[in-house]
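Remarks on the structure that follows.
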Amino acid sequence: MAFGIKRAELQQWKTTVARGDIAFLTHYWLDPRFPNVSTVTKVGCSDLGKLAAWCTAHGLNPDYIHQRQPYPHYDLIGPRQKEILREEQLWHHLERFKLL
């Protein structure tokens, strides 16, 4: 279950993904499979080649891309989520969701 984002933020992410650009959306998240995780960052891009290349460049396996059209994405959680948000200099995600 996702929460902690505004409709306009979700719409901006969808627009950017649909345009074929890499987009980041972080939100609070509860999933019983991951009891110690409270946030997820969805890294989306409708250009699957570009998204796969982004994953590879960050040491992530592109096989785990959720190929949900029209918004394919890779879910970042846990320590790797924080590391990649730092690498991408997405400080507002880190601060807003208390991931620092």
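As shown in the structure tokens, the chain order sets the letters A, B, ...; within each chain, residues go from 1, and ligands are also counted from 1 in the order they appear.
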Residue neighbourhood stretch 56-68 of chain A, 12 Å, only C-alpha atoms, exclusion window fewer than 6 positions, as a list in words = Val17, Ala18, Lys42, Val43, Gly44, Cys45, Ser46, Asp47, Leu48, Gly49, Lys50, Tyr74, Asp75, Leu76, Ile77, Arg80, Gln81, Glu83, Ile84, Leu85, Arg86, Glu87 and Glu88 of chain A
task = Based on DSSP run over this structure's backbone, return all residues of chain A in helix (DSSP H, G or I), as a PyMOL selection string.
result = chain A and resi 7-19+48-57+62-64+78-87+91-96
Just-selected residues, C-alpha atoms written as a PDB file, in the first residue's frame:
```pdb
ATOM      1  CA  ARG A   7      -1.795  13.247  -6.874  1.00  0.00           C
ATOM      2  CA  ALA A   8       0.192  15.933  -8.727  1.00  0.00           C
ATOM      3  CA  GLU A   9       3.485  14.190  -7.835  1.00  0.00           C
ATOM      4  CA  LEU A  10       2.204  10.889  -9.164  1.00  0.00           C
ATOM      5  CA  GLN A  11       0.945  12.569 -12.335  1.00  0.00           C
ATOM      6  CA  GLN A  12       4.331  14.265 -12.905  1.00  0.00           C
ATOM      7  CA  TRP A  13       6.095  10.909 -12.487  1.00  0.00           C
ATOM      8  CA  LYS A  14       3.715   9.269 -14.978  1.00  0.00           C
ATOM      9  CA  THR A  15       4.227  12.081 -17.495  1.00  0.00           C
ATOM     10  CA  THR A  16       8.018  11.836 -17.232  1.00  0.00           C
ATOM     11  CA  VAL A  17       7.968   8.038 -17.498  1.00  0.00           C
ATOM     12  CA  ALA A  18       5.648   8.128 -20.511  1.00  0.00           C
ATOM     13  CA  ARG A  19       7.966  10.650 -22.207  1.00  0.00           C
ATOM     14  CA  LEU A  48      12.890  -0.257 -21.413  1.00  0.00           C
ATOM     15  CA  GLY A  49      16.380  -0.140 -22.941  1.00  0.00           C
ATOM     16  CA  LYS A  50      17.129   3.113 -21.135  1.00  0.00           C
ATOM     17  CA  LEU A  51      15.720   1.768 -17.853  1.00  0.00           C
ATOM     18  CA  ALA A  52      17.731  -1.468 -18.181  1.00  0.00           C
ATOM     19  CA  ALA A  53      20.889   0.550 -18.873  1.00  0.00           C
ATOM     20  CA  TRP A  54      20.178   2.712 -15.808  1.00  0.00           C
ATOM     21  CA  CYS A  55      19.801  -0.435 -13.681  1.00  0.00           C
ATOM     22  CA  THR A  56      23.048  -1.913 -14.999  1.00  0.00           C
ATOM     23  CA  ALA A  57      24.920   1.354 -14.401  1.00  0.00           C
ATOM     24  CA  PRO A  62      17.320  -5.359 -14.967  1.00  0.00           C
ATOM     25  CA  ASP A  63      15.488  -8.683 -14.758  1.00  0.00           C
ATOM     26  CA  TYR A  64      13.652  -7.172 -11.769  1.00  0.00           C
ATOM     27  CA  GLY A  78      16.366  -0.670   1.862  1.00  0.00           C
ATOM     28  CA  PRO A  79      20.030   0.353   1.918  1.00  0.00           C
ATOM     29  CA  ARG A  80      20.363   0.383  -1.889  1.00  0.00           C
ATOM     30  CA  GLN A  81      17.484   2.839  -2.090  1.00  0.00           C
ATOM     31  CA  LYS A  82      19.341   5.292   0.122  1.00  0.00           C
ATOM     32  CA  GLU A  83      22.642   4.795  -1.709  1.00  0.00           C
ATOM     33  CA  ILE A  84      21.119   5.398  -5.115  1.00  0.00           C
ATOM     34  CA  LEU A  85      19.119   8.421  -3.976  1.00  0.00           C
ATOM     35  CA  ARG A  86      22.432   9.867  -2.747  1.00  0.00           C
ATOM     36  CA  GLU A  87      24.187   8.987  -6.025  1.00  0.00           C
ATOM     37  CA  TRP A  91      18.242  15.074  -1.427  1.00  0.00           C
ATOM     38  CA  HIS A  92      14.586  16.097  -1.189  1.00  0.00           C
ATOM     39  CA  HIS A  93      13.548  12.408  -1.314  1.00  0.00           C
ATOM     40  CA  LEU A  94      16.056  11.551   1.420  1.00  0.00           C
ATOM     41  CA  GLU A  95      14.996  14.458   3.631  1.00  0.00           C
ATOM     42  CA  ARG A  96      11.245  14.252   3.092  1.00  0.00           C
TER      43      ARG A  96
END
```
key: One-decimal distance in Å that lies between atom CA of A:Phe34 and atom CA of A:Pro70   =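 Separation between atom CA of A:Pro70 and atom CA of A:Phe34: 25.9 Å.
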One-decimal distance in Å that lies between atom CA of A:Tyr28 and atom CA of A:Tyr71 = 18.9 Å
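Distance-wise, atom CA of A:Ser38 and atom CA of A:Gly4 end up 10.9 Å apart.
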